[in-house]
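Chemist: Pasting a structure here, questions to come.
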Number of protein chains: 2
Amino acid sequence: MNKEQLLKKLGSRIRIIRIEKGMTQGELANSIGKDQQSIQRLESGRVNPSVFYLHEIALGLDVELKDLFHI
Amino acid sequence: MNKEQLLKKLGSRIRIIRIEKGMTQGELANSIGKDQQSIQRLESGRVNPSVFYLHEIALGLDVELKDLFHI
DNA sequence: ATGGGGCACAACAGATTTGTTGTCTTTTAA
DNA sequence: TTAAAAGACAACAAATCTGTTGTGCCCCAT
């Protein structure tokens, strides 16, 4: 799996979890002190996020960090 | 869990897996085109690594990416 | 038709990671 | 004891992330 594929899969997984939880990008962002554009960039796979950033995302989604990587 | 704790735990877990596999920092590094100092910095928890970097680490350790996060 | 909510993309500055080189200490083996 | 291997830390440049602002599109309700 190359870098682009990995980031797109990760972004898609996060988006799916967010929608399952009934949250908007803005709501997820606000819950962890970020803004909508940052979440959008992540879900679209345009960045290679850091572990701690994903840790915060997991908190906002109320899932375990490792659950973001079932990809 | 704060940032510092997370990164230290992640680094420790990677170190444990590496040693279980009988690899040195240099061997892990070489197997994925990095160098020893980069692995050392990761295992000591002094950096907040990117997802793709950890993906490469997982390849070098022959484990799944999600396995690095059982912390 | 107008306005608001949700989402997408670009660009900027500042902060941070990553690759790299250099050096040092500790451990292991001869 | 000596040398080599393994690991630790610092600092630099280049690349990249992250926070932020600005903007635009689409859908839906008023």
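Residue names in the structure tokens use chain letters A, B, ... in the order shown, residue numbers from 1 in each chain, and ligand numbers from 1 in the order shown.
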Write out as a PyMOL selection string which residues come within 12 Å of Ser38 (chain A) when counting only C-alpha atoms (C1' of nucleotides), dropping same-chain ones fewer than 3 positions away.
Modeler: (chain A and resi 11+25-26+28-30+32-35+41-47+49+53-54+57) or (chain C and resi 7-9) or (chain D and resi 17-20)
Chemist: Would you write out chain A as a compact mmCIF listing (two decimals) with all heavy atoms, in the first residue's frame, after superposing it on chain B by least squares over all in-order Cα pairs?
Modeler:
# COMPACT_ATOMS: atom_id res chain seq x y z
N MET A 1 -4.85 10.70 28.64
CA MET A 1 -3.41 10.53 28.32
C MET A 1 -2.90 11.76 27.56
O MET A 1 -3.44 12.13 26.54
CB MET A 1 -3.23 9.28 27.46
CG MET A 1 -1.79 8.98 27.15
SD MET A 1 -1.41 7.25 26.93
CE MET A 1 -2.63 6.71 25.75
N ASN A 2 -1.85 12.37 28.08
CA ASN A 2 -1.32 13.54 27.38
C ASN A 2 -0.35 13.15 26.26
O ASN A 2 -0.04 11.97 26.08
CB ASN A 2 -0.67 14.52 28.36
CG ASN A 2 0.58 13.95 29.01
OD1 ASN A 2 1.26 13.09 28.43
ND2 ASN A 2 0.89 14.40 30.20
N LYS A 3 0.09 14.15 25.55
CA LYS A 3 0.93 13.91 24.37
C LYS A 3 2.22 13.17 24.73
O LYS A 3 2.58 12.18 24.09
CB LYS A 3 1.25 15.25 23.71
CG LYS A 3 2.00 15.14 22.39
CD LYS A 3 2.04 16.50 21.73
CE LYS A 3 2.74 16.46 20.39
NZ LYS A 3 2.68 17.76 19.69
N GLU A 4 2.87 13.67 25.77
CA GLU A 4 4.15 13.06 26.16
C GLU A 4 3.99 11.60 26.53
O GLU A 4 4.77 10.74 26.10
CB GLU A 4 4.73 13.85 27.35
CG GLU A 4 6.11 13.42 27.77
CD GLU A 4 6.64 14.25 28.94
OE1 GLU A 4 5.98 15.27 29.29
OE2 GLU A 4 7.68 13.90 29.51
N GLN A 5 2.95 11.31 27.32
CA GLN A 5 2.71 9.92 27.72
C GLN A 5 2.43 9.04 26.52
O GLN A 5 2.94 7.91 26.43
CB GLN A 5 1.53 9.86 28.69
CG GLN A 5 1.81 10.43 30.07
CD GLN A 5 0.56 10.45 30.93
OE1 GLN A 5 -0.56 10.66 30.44
NE2 GLN A 5 0.72 10.26 32.24
N LEU A 6 1.59 9.53 25.62
CA LEU A 6 1.25 8.74 24.44
C LEU A 6 2.49 8.38 23.63
O LEU A 6 2.69 7.22 23.24
CB LEU A 6 0.27 9.52 23.56
CG LEU A 6 -0.08 8.86 22.23
CD1 LEU A 6 -0.99 7.66 22.47
CD2 LEU A 6 -0.74 9.84 21.27
N LEU A 7 3.33 9.38 23.40
CA LEU A 7 4.51 9.14 22.56
C LEU A 7 5.50 8.21 23.25
O LEU A 7 6.15 7.39 22.59
CB LEU A 7 5.16 10.47 22.19
CG LEU A 7 4.26 11.41 21.39
CD1 LEU A 7 4.98 12.68 21.03
CD2 LEU A 7 3.71 10.71 20.16
N LYS A 8 5.60 8.31 24.56
CA LYS A 8 6.52 7.42 25.28
C LYS A 8 6.00 5.99 25.25
O LYS A 8 6.77 5.04 25.08
CB LYS A 8 6.70 7.90 26.72
CG LYS A 8 7.60 9.13 26.84
CD LYS A 8 8.36 9.14 28.15
CE LYS A 8 9.28 10.36 28.26
NZ LYS A 8 10.30 10.43 27.19
N LYS A 9 4.70 5.83 25.41
CA LYS A 9 4.14 4.47 25.37
C LYS A 9 4.29 3.87 23.99
O LYS A 9 4.62 2.68 23.84
CB LYS A 9 2.66 4.50 25.76
CG LYS A 9 2.43 4.71 27.25
CD LYS A 9 1.03 4.27 27.64
CE LYS A 9 0.82 4.39 29.14
NZ LYS A 9 -0.45 3.79 29.59
N LEU A 10 4.03 4.67 22.98
CA LEU A 10 4.17 4.17 21.61
C LEU A 10 5.61 3.76 21.33
O LEU A 10 5.88 2.68 20.78
CB LEU A 10 3.72 5.25 20.62
CG LEU A 10 3.91 4.94 19.15
CD1 LEU A 10 3.09 3.72 18.74
CD2 LEU A 10 3.53 6.15 18.30
N GLY A 11 6.55 4.62 21.72
CA GLY A 11 7.96 4.30 21.51
C GLY A 11 8.36 3.03 22.24
O GLY A 11 9.06 2.18 21.68
N SER A 12 7.89 2.88 23.46
CA SER A 12 8.22 1.68 24.23
C SER A 12 7.66 0.44 23.57
O SER A 12 8.33 -0.61 23.52
CB SER A 12 7.66 1.80 25.64
OG SER A 12 8.26 2.89 26.32
N ARG A 13 6.44 0.55 23.06
CA ARG A 13 5.83 -0.61 22.40
C ARG A 13 6.61 -1.02 21.16
O ARG A 13 6.83 -2.20 20.92
CB ARG A 13 4.38 -0.30 22.04
CG ARG A 13 3.74 -1.35 21.15
CD ARG A 13 2.33 -1.67 21.55
NE ARG A 13 1.76 -2.74 20.75
CZ ARG A 13 1.90 -4.03 21.05
NH1 ARG A 13 2.56 -4.40 22.12
NH2 ARG A 13 1.37 -4.95 20.27
N ILE A 14 7.03 -0.04 20.39
CA ILE A 14 7.81 -0.34 19.19
C ILE A 14 9.13 -0.99 19.57
O ILE A 14 9.57 -1.96 18.94
CB ILE A 14 8.01 0.96 18.37
CG1 ILE A 14 6.67 1.37 17.74
CG2 ILE A 14 9.09 0.77 17.32
CD1 ILE A 14 6.67 2.73 17.10
N ARG A 15 9.74 -0.47 20.61
CA ARG A 15 11.02 -1.05 21.04
C ARG A 15 10.84 -2.50 21.46
O ARG A 15 11.65 -3.37 21.12
CB ARG A 15 11.58 -0.23 22.22
CG ARG A 15 12.78 -0.88 22.87
CD ARG A 15 13.49 0.10 23.78
NE ARG A 15 14.06 1.20 23.01
CZ ARG A 15 14.53 2.33 23.55
NH1 ARG A 15 14.50 2.50 24.85
NH2 ARG A 15 15.03 3.26 22.78
N ILE A 16 9.76 -2.76 22.19
CA ILE A 16 9.52 -4.13 22.65
C ILE A 16 9.33 -5.07 21.47
O ILE A 16 9.90 -6.16 21.42
CB ILE A 16 8.30 -4.16 23.60
CG1 ILE A 16 8.69 -3.53 24.95
CG2 ILE A 16 7.79 -5.58 23.78
CD1 ILE A 16 7.51 -3.32 25.89
N ILE A 17 8.53 -4.65 20.52
CA ILE A 17 8.31 -5.50 19.34
C ILE A 17 9.62 -5.73 18.60
O ILE A 17 9.93 -6.86 18.18
CB ILE A 17 7.26 -4.86 18.41
CG1 ILE A 17 5.91 -4.77 19.12
CG2 ILE A 17 7.14 -5.67 17.12
CD1 ILE A 17 4.84 -4.05 18.32
N ARG A 18 10.39 -4.67 18.43
CA ARG A 18 11.66 -4.80 17.72
C ARG A 18 12.56 -5.82 18.40
O ARG A 18 13.17 -6.69 17.75
CB ARG A 18 12.38 -3.45 17.65
CG ARG A 18 13.80 -3.56 17.08
CD ARG A 18 14.49 -2.22 17.00
NE ARG A 18 14.66 -1.54 18.29
CZ ARG A 18 15.63 -1.83 19.17
NH1 ARG A 18 16.49 -2.79 18.93
NH2 ARG A 18 15.72 -1.15 20.30
N ILE A 19 12.65 -5.75 19.71
CA ILE A 19 13.53 -6.67 20.44
C ILE A 19 12.99 -8.09 20.38
O ILE A 19 13.75 -9.05 20.23
CB ILE A 19 13.71 -6.17 21.89
CG1 ILE A 19 14.50 -4.85 21.87
CG2 ILE A 19 14.41 -7.22 22.74
CD1 ILE A 19 14.66 -4.19 23.21
N GLU A 20 11.65 -8.21 20.45
CA GLU A 20 11.05 -9.54 20.29
C GLU A 20 11.43 -10.17 18.95
O GLU A 20 11.59 -11.39 18.86
CB GLU A 20 9.52 -9.45 20.37
CG GLU A 20 8.96 -9.35 21.77
CD GLU A 20 7.43 -9.18 21.75
OE1 GLU A 20 6.86 -9.08 20.65
OE2 GLU A 20 6.84 -9.12 22.84
N LYS A 21 11.53 -9.32 17.94
CA LYS A 21 11.87 -9.82 16.61
C LYS A 21 13.38 -10.01 16.45
O LYS A 21 13.85 -10.39 15.37
CB LYS A 21 11.37 -8.84 15.54
CG LYS A 21 9.87 -8.59 15.58
CD LYS A 21 9.10 -9.67 14.86
CE LYS A 21 7.61 -9.36 14.85
NZ LYS A 21 6.85 -10.28 13.97
N GLY A 22 14.14 -9.68 17.49
CA GLY A 22 15.58 -9.87 17.45
C GLY A 22 16.31 -8.91 16.53
O GLY A 22 17.36 -9.23 15.99
N MET A 23 15.76 -7.71 16.39
CA MET A 23 16.40 -6.74 15.50
C MET A 23 17.07 -5.64 16.31
O MET A 23 16.63 -5.30 17.41
CB MET A 23 15.35 -6.10 14.58
CG MET A 23 14.55 -7.09 13.76
SD MET A 23 13.24 -6.25 12.79
CE MET A 23 14.20 -5.58 11.44
N THR A 24 18.12 -5.07 15.73
CA THR A 24 18.72 -3.87 16.31
C THR A 24 18.05 -2.65 15.69
O THR A 24 17.34 -2.77 14.67
CB THR A 24 20.23 -3.81 16.02
OG1 THR A 24 20.41 -3.63 14.61
CG2 THR A 24 20.93 -5.08 16.48
N GLN A 25 18.26 -1.48 16.29
CA GLN A 25 17.71 -0.25 15.71
C GLN A 25 18.21 -0.07 14.28
O GLN A 25 17.46 0.33 13.40
CB GLN A 25 18.10 0.95 16.57
CG GLN A 25 17.41 0.99 17.93
CD GLN A 25 17.80 2.23 18.74
OE1 GLN A 25 18.77 2.91 18.41
NE2 GLN A 25 17.06 2.51 19.80
N GLY A 26 19.49 -0.37 14.08
CA GLY A 26 20.08 -0.22 12.75
C GLY A 26 19.47 -1.17 11.74
O GLY A 26 19.25 -0.79 10.58
N GLU A 27 19.20 -2.38 12.16
CA GLU A 27 18.62 -3.36 11.24
C GLU A 27 17.20 -2.96 10.84
O GLU A 27 16.83 -3.02 9.66
CB GLU A 27 18.62 -4.75 11.88
CG GLU A 27 20.00 -5.40 11.93
CD GLU A 27 20.02 -6.66 12.78
OE1 GLU A 27 19.03 -6.93 13.50
OE2 GLU A 27 21.04 -7.37 12.75
N LEU A 28 16.42 -2.54 11.83
CA LEU A 28 15.07 -2.08 11.51
C LEU A 28 15.13 -0.89 10.56
O LEU A 28 14.42 -0.84 9.56
CB LEU A 28 14.34 -1.68 12.81
CG LEU A 28 12.99 -0.99 12.62
CD1 LEU A 28 12.03 -1.84 11.80
CD2 LEU A 28 12.37 -0.66 13.98
N ALA A 29 16.01 0.04 10.87
CA ALA A 29 16.16 1.22 10.03
C ALA A 29 16.52 0.84 8.60
O ALA A 29 15.87 1.27 7.64
CB ALA A 29 17.22 2.14 10.61
N ASN A 30 17.54 0.03 8.44
CA ASN A 30 17.98 -0.35 7.10
C ASN A 30 16.89 -1.06 6.31
O ASN A 30 16.78 -0.88 5.11
CB ASN A 30 19.22 -1.25 7.18
CG ASN A 30 20.46 -0.47 7.55
OD1 ASN A 30 20.53 0.74 7.33
ND2 ASN A 30 21.44 -1.15 8.13
N SER A 31 16.10 -1.86 7.01
CA SER A 31 15.08 -2.62 6.30
C SER A 31 14.02 -1.74 5.66
O SER A 31 13.29 -2.17 4.78
CB SER A 31 14.43 -3.63 7.25
OG SER A 31 13.53 -2.98 8.14
N ILE A 32 13.93 -0.52 6.11
CA ILE A 32 12.91 0.38 5.56
C ILE A 32 13.51 1.69 5.06
O ILE A 32 12.81 2.71 4.93
CB ILE A 32 11.78 0.66 6.59
CG1 ILE A 32 12.37 1.19 7.90
CG2 ILE A 32 10.96 -0.59 6.83
CD1 ILE A 32 11.32 1.57 8.94
N GLY A 33 14.81 1.67 4.81
CA GLY A 33 15.45 2.84 4.20
C GLY A 33 15.57 4.04 5.10
O GLY A 33 15.54 5.18 4.64
N LYS A 34 15.69 3.79 6.41
CA LYS A 34 15.90 4.91 7.34
C LYS A 34 17.23 4.69 8.03
O LYS A 34 17.98 3.77 7.71
CB LYS A 34 14.75 4.97 8.34
CG LYS A 34 13.39 5.07 7.64
CD LYS A 34 12.27 5.42 8.58
CE LYS A 34 10.95 5.48 7.82
NZ LYS A 34 10.99 6.49 6.74
N ASP A 35 17.55 5.55 8.99
CA ASP A 35 18.78 5.31 9.72
C ASP A 35 18.54 5.20 11.21
O ASP A 35 17.45 5.50 11.71
CB ASP A 35 19.86 6.32 9.38
CG ASP A 35 19.45 7.72 9.64
OD1 ASP A 35 18.52 7.93 10.43
OD2 ASP A 35 20.04 8.63 9.04
N GLN A 36 19.55 4.71 11.89
CA GLN A 36 19.41 4.33 13.29
C GLN A 36 18.91 5.48 14.16
O GLN A 36 18.07 5.28 15.06
CB GLN A 36 20.77 3.82 13.80
CG GLN A 36 20.79 3.42 15.27
CD GLN A 36 21.34 4.53 16.15
OE1 GLN A 36 22.20 5.31 15.73
NE2 GLN A 36 20.85 4.62 17.38
N GLN A 37 19.40 6.68 13.89
CA GLN A 37 19.02 7.82 14.72
C GLN A 37 17.53 8.10 14.65
O GLN A 37 16.92 8.54 15.62
CB GLN A 37 19.81 9.06 14.29
CG GLN A 37 21.28 9.05 14.70
CD GLN A 37 22.15 8.24 13.76
OE1 GLN A 37 21.63 7.46 12.96
NE2 GLN A 37 23.45 8.42 13.83
N SER A 38 16.96 7.86 13.51
CA SER A 38 15.53 8.11 13.34
C SER A 38 14.71 7.15 14.20
O SER A 38 13.71 7.54 14.82
CB SER A 38 15.17 7.94 11.86
OG SER A 38 13.85 8.34 11.61
N ILE A 39 15.14 5.89 14.23
CA ILE A 39 14.46 4.91 15.06
C ILE A 39 14.65 5.23 16.54
O ILE A 39 13.70 5.13 17.33
CB ILE A 39 14.98 3.49 14.77
CG1 ILE A 39 14.89 3.16 13.27
CG2 ILE A 39 14.24 2.45 15.60
CD1 ILE A 39 13.51 3.14 12.72
N GLN A 40 15.83 5.64 16.88
CA GLN A 40 16.11 5.97 18.28
C GLN A 40 15.21 7.11 18.77
O GLN A 40 14.65 7.06 19.86
CB GLN A 40 17.59 6.36 18.41
CG GLN A 40 18.10 6.32 19.85
CD GLN A 40 17.76 7.56 20.61
OE1 GLN A 40 17.75 8.65 20.08
NE2 GLN A 40 17.46 7.40 21.91
N ARG A 41 15.08 8.11 17.91
CA ARG A 41 14.23 9.26 18.25
C ARG A 41 12.78 8.83 18.44
O ARG A 41 12.09 9.32 19.33
CB ARG A 41 14.35 10.27 17.10
CG ARG A 41 14.02 11.67 17.41
CD ARG A 41 14.64 12.62 16.38
NE ARG A 41 14.55 12.09 15.00
CZ ARG A 41 15.10 12.72 13.96
NH1 ARG A 41 15.74 13.86 14.10
NH2 ARG A 41 14.98 12.20 12.75
N LEU A 42 12.33 7.92 17.61
CA LEU A 42 10.96 7.41 17.72
C LEU A 42 10.77 6.62 19.01
O LEU A 42 9.84 6.87 19.78
CB LEU A 42 10.66 6.52 16.52
CG LEU A 42 9.35 5.71 16.58
CD1 LEU A 42 8.14 6.63 16.55
CD2 LEU A 42 9.30 4.70 15.44
N GLU A 43 11.67 5.68 19.28
CA GLU A 43 11.52 4.82 20.45
C GLU A 43 11.62 5.60 21.76
O GLU A 43 11.04 5.21 22.76
CB GLU A 43 12.57 3.70 20.42
CG GLU A 43 12.33 2.67 19.31
CD GLU A 43 13.28 1.48 19.41
OE1 GLU A 43 14.20 1.51 20.25
OE2 GLU A 43 13.09 0.51 18.64
N SER A 44 12.37 6.68 21.73
CA SER A 44 12.53 7.47 22.95
C SER A 44 11.35 8.40 23.19
O SER A 44 11.28 9.06 24.22
CB SER A 44 13.83 8.27 22.88
OG SER A 44 13.74 9.26 21.89
N GLY A 45 10.43 8.47 22.23
CA GLY A 45 9.24 9.30 22.40
C GLY A 45 9.48 10.78 22.22
O GLY A 45 8.71 11.61 22.68
N ARG A 46 10.56 11.13 21.52
CA ARG A 46 10.87 12.55 21.35
C ARG A 46 10.19 13.17 20.14
O ARG A 46 10.34 14.37 19.92
CB ARG A 46 12.40 12.76 21.28
CG ARG A 46 12.99 13.05 22.66
CD ARG A 46 14.50 13.26 22.59
NE ARG A 46 15.18 12.06 22.18
CZ ARG A 46 16.01 11.99 21.13
NH1 ARG A 46 16.24 13.05 20.41
NH2 ARG A 46 16.59 10.86 20.83
N VAL A 47 9.48 12.38 19.36
CA VAL A 47 8.74 12.93 18.21
C VAL A 47 7.33 12.37 18.16
O VAL A 47 7.02 11.36 18.77
CB VAL A 47 9.45 12.65 16.87
CG1 VAL A 47 10.70 13.49 16.73
CG2 VAL A 47 9.75 11.19 16.73
N ASN A 48 6.52 13.08 17.42
CA ASN A 48 5.11 12.76 17.22
C ASN A 48 4.97 12.28 15.78
O ASN A 48 4.66 13.06 14.89
CB ASN A 48 4.30 14.03 17.47
CG ASN A 48 2.82 13.87 17.28
OD1 ASN A 48 2.31 12.73 17.27
ND2 ASN A 48 2.12 14.97 17.14
N PRO A 49 5.22 10.99 15.53
CA PRO A 49 5.39 10.53 14.15
C PRO A 49 4.11 10.56 13.34
O PRO A 49 3.00 10.53 13.88
CB PRO A 49 5.87 9.09 14.33
CG PRO A 49 5.30 8.66 15.63
CD PRO A 49 5.30 9.89 16.50
N SER A 50 4.28 10.60 12.03
CA SER A 50 3.14 10.57 11.12
C SER A 50 2.66 9.14 10.92
O SER A 50 3.37 8.18 11.19
CB SER A 50 3.53 11.17 9.77
OG SER A 50 4.44 10.31 9.11
N VAL A 51 1.44 9.03 10.43
CA VAL A 51 0.86 7.72 10.16
C VAL A 51 1.70 6.93 9.16
O VAL A 51 1.94 5.74 9.35
CB VAL A 51 -0.56 7.88 9.61
CG1 VAL A 51 -1.04 6.60 8.97
CG2 VAL A 51 -1.50 8.27 10.72
N PHE A 52 2.14 7.58 8.10
CA PHE A 52 2.86 6.83 7.09
C PHE A 52 4.22 6.37 7.60
O PHE A 52 4.69 5.27 7.27
CB PHE A 52 3.03 7.66 5.81
CG PHE A 52 3.55 6.84 4.66
CD1 PHE A 52 2.80 5.82 4.11
CD2 PHE A 52 4.82 7.08 4.14
CE1 PHE A 52 3.29 5.05 3.06
CE2 PHE A 52 5.31 6.32 3.09
CZ PHE A 52 4.55 5.30 2.55
N TYR A 53 4.84 7.19 8.41
CA TYR A 53 6.11 6.78 9.03
C TYR A 53 5.88 5.51 9.85
O TYR A 53 6.64 4.54 9.75
CB TYR A 53 6.63 7.92 9.90
CG TYR A 53 7.97 7.66 10.53
CD1 TYR A 53 9.15 8.02 9.90
CD2 TYR A 53 8.05 7.07 11.79
CE1 TYR A 53 10.38 7.79 10.49
CE2 TYR A 53 9.27 6.83 12.38
CZ TYR A 53 10.43 7.19 11.72
OH TYR A 53 11.64 6.95 12.32
N LEU A 54 4.82 5.48 10.63
CA LEU A 54 4.52 4.30 11.44
C LEU A 54 4.13 3.12 10.57
O LEU A 54 4.40 1.96 10.93
CB LEU A 54 3.40 4.61 12.44
CG LEU A 54 3.80 5.58 13.53
CD1 LEU A 54 2.60 5.90 14.42
CD2 LEU A 54 4.93 5.01 14.38
N HIS A 55 3.51 3.39 9.45
CA HIS A 55 3.18 2.32 8.50
C HIS A 55 4.47 1.64 8.03
O HIS A 55 4.55 0.40 7.95
CB HIS A 55 2.43 2.94 7.32
CG HIS A 55 2.17 2.00 6.18
ND1 HIS A 55 1.30 0.94 6.27
CD2 HIS A 55 2.67 1.99 4.92
CE1 HIS A 55 1.27 0.31 5.10
NE2 HIS A 55 2.09 0.92 4.27
N GLU A 56 5.49 2.44 7.75
CA GLU A 56 6.77 1.87 7.33
C GLU A 56 7.42 1.09 8.47
O GLU A 56 8.00 0.03 8.25
CB GLU A 56 7.70 2.99 6.85
CG GLU A 56 7.20 3.68 5.59
CD GLU A 56 8.10 4.83 5.16
OE1 GLU A 56 8.33 5.72 5.98
OE2 GLU A 56 8.58 4.81 4.01
N ILE A 57 7.32 1.62 9.66
CA ILE A 57 7.85 0.91 10.83
C ILE A 57 7.16 -0.45 10.97
O ILE A 57 7.82 -1.48 11.20
CB ILE A 57 7.64 1.74 12.11
CG1 ILE A 57 8.46 3.03 12.07
CG2 ILE A 57 7.97 0.91 13.36
CD1 ILE A 57 9.94 2.85 12.17
N ALA A 58 5.85 -0.46 10.82
CA ALA A 58 5.11 -1.72 10.92
C ALA A 58 5.58 -2.71 9.86
O ALA A 58 5.73 -3.91 10.15
CB ALA A 58 3.61 -1.45 10.78
N LEU A 59 5.84 -2.22 8.66
CA LEU A 59 6.36 -3.10 7.62
C LEU A 59 7.70 -3.69 8.04
O LEU A 59 7.94 -4.89 7.88
CB LEU A 59 6.53 -2.32 6.31
CG LEU A 59 5.25 -1.92 5.56
CD1 LEU A 59 5.60 -1.12 4.31
CD2 LEU A 59 4.44 -3.15 5.18
N GLY A 60 8.57 -2.84 8.57
CA GLY A 60 9.89 -3.31 8.98
C GLY A 60 9.82 -4.32 10.10
O GLY A 60 10.66 -5.22 10.20
N LEU A 61 8.82 -4.19 10.94
CA LEU A 61 8.66 -5.10 12.08
C LEU A 61 7.80 -6.32 11.71
O LEU A 61 7.64 -7.23 12.52
CB LEU A 61 8.01 -4.38 13.26
CG LEU A 61 8.85 -3.29 13.94
CD1 LEU A 61 8.02 -2.54 14.98
CD2 LEU A 61 10.08 -3.90 14.61
N ASP A 62 7.24 -6.29 10.51
CA ASP A 62 6.36 -7.36 10.05
C ASP A 62 5.16 -7.55 10.99
O ASP A 62 4.84 -8.65 11.42
CB ASP A 62 7.15 -8.68 9.93
CG ASP A 62 6.37 -9.75 9.17
OD1 ASP A 62 5.56 -9.37 8.30
OD2 ASP A 62 6.55 -10.95 9.45
N VAL A 63 4.52 -6.43 11.31
CA VAL A 63 3.28 -6.46 12.08
C VAL A 63 2.27 -5.55 11.38
O VAL A 63 2.62 -4.82 10.45
CB VAL A 63 3.47 -5.98 13.54
CG1 VAL A 63 4.43 -6.91 14.28
CG2 VAL A 63 3.94 -4.55 13.58
N GLU A 64 1.04 -5.62 11.81
CA GLU A 64 0.01 -4.75 11.26
C GLU A 64 0.11 -3.37 11.92
O GLU A 64 0.49 -3.26 13.10
CB GLU A 64 -1.39 -5.31 11.53
CG GLU A 64 -1.66 -6.65 10.87
CD GLU A 64 -1.90 -6.52 9.37
OE1 GLU A 64 -2.44 -5.46 8.97
OE2 GLU A 64 -1.56 -7.45 8.62
N LEU A 65 -0.23 -2.34 11.17
CA LEU A 65 -0.16 -0.99 11.71
C LEU A 65 -0.94 -0.88 13.01
O LEU A 65 -0.47 -0.28 13.99
CB LEU A 65 -0.69 -0.01 10.66
CG LEU A 65 -0.74 1.47 11.04
CD1 LEU A 65 0.61 1.96 11.52
CD2 LEU A 65 -1.21 2.30 9.85
N LYS A 66 -2.11 -1.45 13.04
CA LYS A 66 -2.95 -1.31 14.24
C LYS A 66 -2.30 -1.94 15.47
O LYS A 66 -2.59 -1.56 16.60
CB LYS A 66 -4.34 -1.89 14.01
CG LYS A 66 -4.38 -3.39 13.82
CD LYS A 66 -5.82 -3.85 13.64
CE LYS A 66 -5.93 -5.37 13.58
NZ LYS A 66 -5.13 -5.98 12.51
N ASP A 67 -1.42 -2.93 15.23
CA ASP A 67 -0.78 -3.61 16.35
C ASP A 67 0.16 -2.68 17.12
O ASP A 67 0.52 -2.97 18.27
CB ASP A 67 0.00 -4.83 15.86
CG ASP A 67 -0.92 -5.89 15.27
OD1 ASP A 67 -2.10 -5.94 15.67
OD2 ASP A 67 -0.45 -6.67 14.41
N LEU A 68 0.56 -1.60 16.51
CA LEU A 68 1.44 -0.66 17.21
C LEU A 68 0.67 0.14 18.25
O LEU A 68 1.27 0.80 19.08
CB LEU A 68 2.10 0.30 16.21
CG LEU A 68 2.98 -0.34 15.13
CD1 LEU A 68 3.61 0.75 14.27
CD2 LEU A 68 4.05 -1.21 15.75
N PHE A 69 -0.66 0.08 18.19
CA PHE A 69 -1.48 0.94 19.04
C PHE A 69 -2.20 0.23 20.15
O PHE A 69 -3.16 0.76 20.70
CB PHE A 69 -2.50 1.69 18.18
CG PHE A 69 -1.83 2.63 17.22
CD1 PHE A 69 -1.62 2.26 15.92
CD2 PHE A 69 -1.40 3.87 17.65
CE1 PHE A 69 -0.99 3.13 15.05
CE2 PHE A 69 -0.77 4.73 16.79
CZ PHE A 69 -0.57 4.34 15.47
N HIS A 70 -1.77 -0.96 20.47
CA HIS A 70 -2.36 -1.65 21.61
C HIS A 70 -1.69 -1.16 22.87
O HIS A 70 -0.94 -1.90 23.52
CB HIS A 70 -2.21 -3.17 21.45
CG HIS A 70 -3.03 -3.72 20.33
ND1 HIS A 70 -2.87 -4.97 19.81
CD2 HIS A 70 -4.04 -3.17 19.62
CE1 HIS A 70 -3.74 -5.19 18.85
NE2 HIS A 70 -4.46 -4.11 18.70
N ILE A 71 -1.97 0.10 23.17
CA ILE A 71 -1.26 0.77 24.26
C ILE A 71 -2.21 1.37 25.28
O ILE A 71 -3.29 1.74 24.97
CB ILE A 71 -0.35 1.89 23.73
CG1 ILE A 71 -1.12 2.83 22.78
CG2 ILE A 71 0.82 1.30 23.01
CD1 ILE A 71 -0.27 3.86 22.16
Chemist: So what do you get for C1' of DG7 (chain D) versus C1' of DA30 (chain C), distance-wise?
Modeler: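 Answer for the C1' of DG7 (chain D) to C1' of DA30 (chain C) separation: 21.0 Å.
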Chemist: Determine, using only C-alpha atoms (C1' of nucleotides), which residues of chain C have any atom at most 8 Å from an atom of chain B, and tabulate each with its shortest atom pair and distance in Å to one decimal place, rows ordered by chain and then rising number, as a tab-separated table.
Modeler:
residue	atom	partner	partner_atom	distance
C:DT17	C1'	B:Pro49	CA	7.1
C:DT18	C1'	B:Ser38	CA	7.8
C:DG19	C1'	B:Lys34	CA	7.9
Chemist: Within 12 Å of chain B, which residues of chain D show up when using only C-alpha atoms (C1' of nucleotides), listed as a PyMOL selection string?
Modeler: chain D and resi 5-10+16-17
Chemist: List every residue of chain B that DSSP, applied to the backbone of this structure, assigns to alpha helix (DSSP H), and report them as a ChimeraX atom specification.
Modeler: /B:3-20,25-31,36-43,51-61
